[in-house]
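All remarks here apply to the structure that follows.
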Amino acid sequence: MFKEYKILINETLKKYFDEYKQNSSYSSKIWDSMAYTTLLDGKRLRAVMCLEIARLLGGKTSYALPLACSLEMMHAYSLIHDDLPSMDNDDLRRGKPTNHKVYGEAIAILAGDSLISFGSQIIIDKLKDLVEPKKLLDIVNDYNKTAGALGIVAGQVADIEAEGKEIDIENLKYIHKYKTGALFKCSMLMGAKIANATADIVEKIGEYADNFGVLFQVYDDIIDYTLTTDELGKTAGKDKLNKKLTYVSAWGLEKAKNIFYSLIDKNRAILTELNIKSKVFDDIYDMLIKKVEK
Ligand code: IPE
Ligand code: IPE
Ligand code: MG
Ligand code: MG
Ligand code: MG
């Protein structure tokens, strides 16, 4: 199921890029740069989760699919900008040279910018005749809010400003909630909303997504410390090098792992409470645990 979702997402992303690139009157370089990072082999977790939450709550996959793709575009924007020399200064992403290494810094910045607006354009273009305007506005609003200074950007600013500073746990929580949690929350809320879930369910899914966002960034902090560059597809040990405030730097490896596991337990309990069984989410947790235990 996870595999089938991934294939569907990859094919649809490619289709969207081909379709819109054709309408562009200027050089195709910017489209090539946008497509480069987006189409590299990522786990597609945000997109898969949007599709799976929609399916679990009785929504249509065909309606959730443009949303899933828009989330991968926003994710790719955040990765391209995160890797820039002025941010984390990374040369490797998804096992390949980072966007600015291939296209230069200026194009990489512009590719990130245009991926944000492309994602929101896809939501509107593909769903405007299918979804009632008020719901669509709500979803587009979630998308825009998440991409900017009330979402990812807020977390990224805090992340950069915390470099080399004294450990501040409240700040650490803030960083993870926004730089990573905001997009996971957006993914799952979009999935719930497109399935016409009730406000109560949307709230519970929001709580689940909040936990997921944190446990995922804790996982990312752990593997940055424990895995090799080859295993990561991105430069290992980067957080220490950049003096980042992470769960590993603040709490140490063992405590970070305990926090990771306790959040998984919390989320398993939420799904049980909602009477939901999901092989896709089980597989995602297994995949993360396997890497944390490597
Ligand atoms: C990397 O996310 C950025 C973080 C929020 C830690 P992923 O680990 O999901 O990256 P891809 O999409 O699989 O490359
Ligand atoms: C992820 O933080 C946050 C975003 C990309 C928005 P990291 O800086 O830890 O992500 P990686 O490790 O470079 O993927
Ligand atoms: Mg970063
Ligand atoms: Mg980084
Ligand atoms: Mg990281």
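Residues in the structure tokens are numbered from 1 in each chain, the chains being A, B, ... in the order shown, and ligands are numbered from 1 in the order shown.
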Kindly work out which residues sit at most 8 Å from ligand 4, using only C-alpha atoms and all ligand atoms, and give the list as a short mmCIF file (atom, residue, chain, number, x, y, z; two decimals) with N, CA and C atoms, in the first residue's frame.
data_model
loop_
_atom_site.label_atom_id
_atom_site.label_comp_id
_atom_site.auth_asym_id
_atom_site.auth_seq_id
_atom_site.Cartn_x
_atom_site.Cartn_y
_atom_site.Cartn_z
N LEU A 79 13.42 21.93 1.67
CA LEU A 79 14.71 21.24 1.60
C LEU A 79 15.73 22.06 0.81
N ASP A 82 16.72 24.94 2.93
CA ASP A 82 17.44 24.45 4.11
C ASP A 82 18.91 24.13 3.78
N ASP A 83 19.14 23.67 2.55
CA ASP A 83 20.50 23.25 2.16
C ASP A 83 21.39 24.41 1.69
N MET A 87 22.13 28.77 4.89
CA MET A 87 21.34 28.05 5.90
C MET A 87 22.21 26.90 6.45
N ASP A 88 21.89 25.63 6.10
CA ASP A 88 22.69 24.53 6.66
C ASP A 88 23.94 24.20 5.84
N ASN A 89 24.02 24.78 4.66
CA ASN A 89 25.19 24.58 3.80
C ASN A 89 25.49 23.11 3.54
N ASP A 90 24.57 22.45 2.88
CA ASP A 90 24.70 21.02 2.59
C ASP A 90 24.92 20.77 1.10
N LYS A 238 26.01 16.57 10.54
CA LYS A 238 25.89 17.98 10.16
C LYS A 238 25.42 18.84 11.34
N ASP A 239 24.56 18.28 12.17
CA ASP A 239 24.00 19.07 13.28
C ASP A 239 25.08 19.49 14.26
#
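The residue set within 9 Å of segment 131-140 of chain A, counting only C-alpha atoms and dropping same-chain residues fewer than 3 places from it, reads Tyr63, Leu67, Ser120, Ile123, Ile124, Leu127, Lys128, Tyr143, Asn144, Lys145, Cys186, Leu189, Met190, Lys193 and Ile194 of chain A.
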Inset, instruction - Tell me, as a PyMOL selection string, which residues lie within 9 Å of His75 of chain A, counting only C-alpha atoms; anything in the same chain fewer than 5 positions away does not count. - result: chain A and resi 38+46+70+80+115-116+147+183
Inset, instruction - Kindly provide, as a list in words, all nucleotide and amino acid residues lying within 7 Å of ligand 5, counting only C-alpha atoms and all ligand atoms. - result: Asp220, Asp221, Asp224 and Asp239 of chain A
Inset, instruction - Provide the atom 12 (O, counted along the ligand's line) of ligand 2 to atom CA of Lys179 of chain A distance in Å, to one decimal place. - result: 11.0 Å
Inset, instruction - With only C-alpha atoms and all ligand atoms counted, collect every polymer residue having an atom within 6 Å of ligand 1; state the result as JSON, numbers by chain. - result: {"A": [42, 43, 44, 45, 94, 180, 217, 220]}
Selection export as a PDB file, in the first residue's frame, atoms kept: N, CA and C atoms:
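Final output, result.pdb:
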ATOM      1  N   GLY A  42      12.608  10.757  -2.547  1.00  0.00           N
ATOM      2  CA  GLY A  42      12.280  11.017  -1.139  1.00  0.00           C
ATOM      3  C   GLY A  42      11.308   9.961  -0.646  1.00  0.00           C
ATOM      4  N   LYS A  43      11.092   9.930   0.665  1.00  0.00           N
ATOM      5  CA  LYS A  43      10.196   8.912   1.231  1.00  0.00           C
ATOM      6  C   LYS A  43       8.723   9.200   0.930  1.00  0.00           C
ATOM      7  N   ARG A  44       8.400  10.437   0.590  1.00  0.00           N
ATOM      8  CA  ARG A  44       7.014  10.852   0.270  1.00  0.00           C
ATOM      9  C   ARG A  44       6.072  10.711   1.475  1.00  0.00           C
ATOM     10  N   LEU A  45       6.641  10.822   2.679  1.00  0.00           N
ATOM     11  CA  LEU A  45       5.830  10.595   3.880  1.00  0.00           C
ATOM     12  C   LEU A  45       4.647  11.548   3.999  1.00  0.00           C
ATOM     13  N   ARG A  94      19.027  13.638  -0.686  1.00  0.00           N
ATOM     14  CA  ARG A  94      18.426  12.474  -1.331  1.00  0.00           C
ATOM     15  C   ARG A  94      19.455  11.731  -2.193  1.00  0.00           C
ATOM     16  N   THR A 180       9.343  21.416  11.279  1.00  0.00           N
ATOM     17  CA  THR A 180       8.972  20.093  10.767  1.00  0.00           C
ATOM     18  C   THR A 180       7.514  19.735  11.058  1.00  0.00           C
ATOM     19  N   GLN A 217      11.140  14.697  13.787  1.00  0.00           N
ATOM     20  CA  GLN A 217      12.362  15.501  13.841  1.00  0.00           C
ATOM     21  C   GLN A 217      13.344  14.921  14.871  1.00  0.00           C
ATOM     22  N   ASP A 220      15.051  12.332  13.022  1.00  0.00           N
ATOM     23  CA  ASP A 220      16.032  12.942  12.106  1.00  0.00           C
ATOM     24  C   ASP A 220      17.284  13.396  12.862  1.00  0.00           C
TER      25      ASP A 220
END
Legend entry - For Val102 of chain A: contacts at 12 Å, only C-alpha atoms, fewer than 2 positions along chain excluded, given as a list in words: Lys29, Ile30, Asp32, Ser33, Met34, Tyr36, Thr37, Ile80, Leu84, Asp91, Leu92, Arg93, Lys96, Pro97, Thr98, Asn99, His100, Gly104, Glu105, Ala106, Ile107 and Ala108 of chain A
File of the preceding selection, C-alpha atoms, as a PDB file, in the first residue's frame:
ATOM      1  CA  LYS A  29      15.787  25.975 -16.450  1.00  0.00           C
ATOM      2  CA  ILE A  30      13.660  27.063 -13.505  1.00  0.00           C
ATOM      3  CA  ASP A  32      14.162  21.737 -14.361  1.00  0.00           C
ATOM      4  CA  SER A  33      15.489  23.013 -11.059  1.00  0.00           C
ATOM      5  CA  MET A  34      12.065  22.808  -9.370  1.00  0.00           C
ATOM      6  CA  TYR A  36      15.038  18.133  -9.836  1.00  0.00           C
ATOM      7  CA  THR A  37      14.742  18.149  -6.042  1.00  0.00           C
ATOM      8  CA  ILE A  80      16.218  23.389  -1.179  1.00  0.00           C
ATOM      9  CA  LEU A  84      21.604  26.699   0.933  1.00  0.00           C
ATOM     10  CA  ASP A  91      26.081  19.460  -0.594  1.00  0.00           C
ATOM     11  CA  LEU A  92      24.037  16.294  -0.584  1.00  0.00           C
ATOM     12  CA  ARG A  93      20.284  15.697  -0.571  1.00  0.00           C
ATOM     13  CA  LYS A  96      22.439  13.556  -4.987  1.00  0.00           C
ATOM     14  CA  PRO A  97      24.086  17.006  -5.150  1.00  0.00           C
ATOM     15  CA  THR A  98      21.874  19.687  -3.606  1.00  0.00           C
ATOM     16  CA  ASN A  99      19.876  22.021  -5.833  1.00  0.00           C
ATOM     17  CA  HIS A 100      22.306  24.947  -5.559  1.00  0.00           C
ATOM     18  CA  GLY A 104      23.598  27.669  -8.651  1.00  0.00           C
ATOM     19  CA  GLU A 105      22.388  29.570  -5.628  1.00  0.00           C
ATOM     20  CA  ALA A 106      20.210  32.128  -7.384  1.00  0.00           C
ATOM     21  CA  ILE A 107      18.192  29.549  -9.316  1.00  0.00           C
ATOM     22  CA  ALA A 108      17.910  27.349  -6.205  1.00  0.00           C
TER      23      ALA A 108
END
Legend entry - Exercise: Gly206 of chain A partners within 10 Å, only C-alpha atoms, chain neighbours under 6 positions left out, as a ChimeraX atom specification: /A:184-189,192,200,212
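Nearest residue to ligand 2, choosing from A:Ala54, A:Ala236, A:Leu263, A:Leu215 and counting only C-alpha atoms and all ligand atoms: A:Ala236.
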Might you pull out every residue within 8 Å of Ile175 of chain A, with only C-alpha atoms counted and same-chain residues fewer than 2 positions away left off, and present them as a short mmCIF file (atom, residue, chain, number, x, y, z; two decimals) with N, CA and C atoms, in the first residue's frame?
data_model
loop_
_atom_site.label_atom_id
_atom_site.label_comp_id
_atom_site.auth_asym_id
_atom_site.auth_seq_id
_atom_site.Cartn_x
_atom_site.Cartn_y
_atom_site.Cartn_z
N ALA A 154 9.00 30.13 10.47
CA ALA A 154 9.17 30.47 11.89
C ALA A 154 10.15 29.50 12.55
N GLY A 155 9.98 28.21 12.26
CA GLY A 155 10.86 27.19 12.83
C GLY A 155 12.28 27.30 12.32
N GLN A 156 12.41 27.59 11.03
CA GLN A 156 13.74 27.70 10.44
C GLN A 156 14.51 28.91 11.00
N ALA A 158 14.08 30.20 13.99
CA ALA A 158 14.46 29.83 15.36
C ALA A 158 15.64 28.85 15.34
N ASP A 159 15.62 27.92 14.40
CA ASP A 159 16.69 26.92 14.25
C ASP A 159 18.03 27.60 13.97
N ASN A 171 12.65 26.49 23.51
CA ASN A 171 13.00 26.88 22.15
C ASN A 171 13.15 25.66 21.24
N LEU A 172 13.74 24.61 21.78
CA LEU A 172 13.89 23.36 21.01
C LEU A 172 12.53 22.82 20.59
N LYS A 173 11.57 22.85 21.52
CA LYS A 173 10.22 22.37 21.19
C LYS A 173 9.59 23.23 20.11
N LYS A 177 8.36 21.97 16.44
CA LYS A 177 6.93 22.14 16.15
C LYS A 177 6.73 22.85 14.81
N TYR A 178 7.55 23.85 14.56
CA TYR A 178 7.34 24.65 13.35
C TYR A 178 8.15 24.20 12.15
N LYS A 179 9.44 23.97 12.30
CA LYS A 179 10.23 23.68 11.08
C LYS A 179 9.79 22.36 10.46
N THR A 180 9.34 21.42 11.28
CA THR A 180 8.97 20.09 10.77
C THR A 180 7.51 19.73 11.06
#
Inset, instruction - Going by DSSP on the backbone, which bits of segment 99-218 of chain A are helix (DSSP H, G or I)? Write them as an NGL selection string, please. - result: :A and (99-103 or 105-127 or 133-147 or 152-162 or 169-194 or 199-218)
Would you save the residues of that selection, restricted to C-alpha atoms, as a short mmCIF file (atom, residue, chain, number, x, y, z; two decimals), in the first residue's frame?
data_model
loop_
_atom_site.label_atom_id
_atom_site.label_comp_id
_atom_site.auth_asym_id
_atom_site.auth_seq_id
_atom_site.Cartn_x
_atom_site.Cartn_y
_atom_site.Cartn_z
CA ASN A 99 19.88 22.02 -5.83
CA HIS A 100 22.31 24.95 -5.56
CA LYS A 101 25.23 22.66 -6.40
CA VAL A 102 23.56 21.78 -9.69
CA TYR A 103 21.75 25.00 -10.65
CA GLU A 105 22.39 29.57 -5.63
CA ALA A 106 20.21 32.13 -7.38
CA ILE A 107 18.19 29.55 -9.32
CA ALA A 108 17.91 27.35 -6.21
CA ILE A 109 16.40 30.24 -4.23
CA LEU A 110 13.99 30.98 -7.06
CA ALA A 111 13.10 27.29 -7.46
CA GLY A 112 12.17 27.16 -3.77
CA ASP A 113 10.06 30.30 -4.13
CA SER A 114 8.21 29.01 -7.16
CA LEU A 115 7.57 25.59 -5.63
CA ILE A 116 5.56 27.26 -2.87
CA SER A 117 3.29 29.03 -5.31
CA PHE A 118 3.14 26.06 -7.70
CA GLY A 119 1.80 23.86 -4.90
CA SER A 120 -0.99 26.24 -4.04
CA GLN A 121 -1.78 26.73 -7.73
CA ILE A 122 -2.11 22.95 -8.17
CA ILE A 123 -4.58 22.74 -5.28
CA ILE A 124 -6.77 25.42 -6.82
CA ASP A 125 -6.50 24.32 -10.46
CA LYS A 126 -7.16 20.66 -9.80
CA LEU A 127 -9.87 20.97 -7.15
CA PRO A 133 -15.21 27.04 -2.37
CA LYS A 134 -15.26 27.45 1.41
CA LYS A 135 -13.52 24.13 1.99
CA LEU A 136 -11.04 24.84 -0.77
CA LEU A 137 -10.21 28.24 0.73
CA ASP A 138 -9.69 26.64 4.12
CA ILE A 139 -7.30 24.09 2.61
CA VAL A 140 -5.36 26.67 0.58
CA ASN A 141 -5.15 28.81 3.69
CA ASP A 142 -3.63 25.86 5.60
CA TYR A 143 -1.13 25.42 2.79
CA ASN A 144 -0.05 29.06 2.68
CA LYS A 145 0.11 29.44 6.43
CA THR A 146 2.32 26.36 6.74
CA ALA A 147 4.81 27.50 4.09
CA ILE A 152 8.06 26.34 8.47
CA VAL A 153 9.80 29.71 8.21
CA ALA A 154 9.17 30.47 11.89
CA GLY A 155 10.86 27.19 12.83
CA GLN A 156 13.74 27.70 10.44
CA VAL A 157 14.43 31.18 11.81
CA ALA A 158 14.46 29.83 15.36
CA ASP A 159 16.69 26.92 14.25
CA ILE A 160 19.26 29.23 12.68
CA GLU A 161 19.20 31.66 15.60
CA ALA A 162 19.69 28.86 18.14
CA ILE A 169 14.27 23.28 25.87
CA GLU A 170 11.25 25.51 25.20
CA ASN A 171 13.00 26.88 22.15
CA LEU A 172 13.89 23.36 21.01
CA LYS A 173 10.22 22.37 21.19
CA TYR A 174 9.27 25.47 19.23
CA ILE A 175 11.83 24.71 16.50
CA HIS A 176 10.58 21.15 15.99
CA LYS A 177 6.93 22.14 16.15
CA TYR A 178 7.34 24.65 13.35
CA LYS A 179 10.23 23.68 11.08
CA THR A 180 8.97 20.09 10.77
CA GLY A 181 5.70 19.67 12.66
CA ALA A 182 3.78 22.35 10.76
CA LEU A 183 4.05 20.52 7.43
CA PHE A 184 3.09 17.12 8.87
CA LYS A 185 0.13 18.73 10.59
CA CYS A 186 -0.90 20.43 7.36
CA SER A 187 -0.65 17.09 5.50
CA MET A 188 -2.88 15.21 7.89
CA LEU A 189 -5.38 18.03 8.39
CA MET A 190 -5.74 18.41 4.63
CA GLY A 191 -6.36 14.66 4.38
CA ALA A 192 -9.02 14.86 7.11
CA LYS A 193 -10.66 17.95 5.66
CA ILE A 194 -10.87 16.64 2.09
CA ALA A 199 -14.39 19.02 13.76
CA ASP A 200 -13.80 16.51 16.60
CA ILE A 201 -11.96 14.12 14.33
CA VAL A 202 -9.96 16.95 12.75
CA GLU A 203 -8.87 17.97 16.24
CA LYS A 204 -7.77 14.43 17.18
CA ILE A 205 -5.88 14.08 13.90
CA GLY A 206 -4.25 17.44 14.68
CA GLU A 207 -3.03 16.06 18.01
CA TYR A 208 -1.74 12.92 16.28
CA ALA A 209 0.05 15.06 13.68
CA ASP A 210 1.61 17.30 16.35
CA ASN A 211 3.12 14.23 18.00
CA PHE A 212 4.26 12.88 14.66
CA GLY A 213 6.02 16.12 13.72
CA VAL A 214 8.07 16.08 16.90
CA LEU A 215 8.90 12.37 16.84
CA PHE A 216 9.93 12.66 13.20
CA GLN A 217 12.36 15.50 13.84
CA VAL A 218 13.70 13.64 16.91
#
Inset, instruction - Point out the residue among A:Thr226, A:Thr12, A:Thr235, A:Ser262 with the least atom-to-atom distance to ligand 2, counting only C-alpha atoms and all ligand atoms. - result: A:Thr235
How close does segment 36-94 of chain A get to segment 271-274 of chain A? List, as JSON lines, each residue of segment 36-94 of chain A within 12 Å, its nearest atom pair and the distance in Å to one decimal, counting only C-alpha atoms.
{"residue": "A:Ile53", "atom": "CA", "partner": "A:Leu271", "partner_atom": "CA", "distance": 11.0}
{"residue": "A:Leu56", "atom": "CA", "partner": "A:Leu274", "partner_atom": "CA", "distance": 10.6}
{"residue": "A:Leu57", "atom": "CA", "partner": "A:Leu274", "partner_atom": "CA", "distance": 10.3}
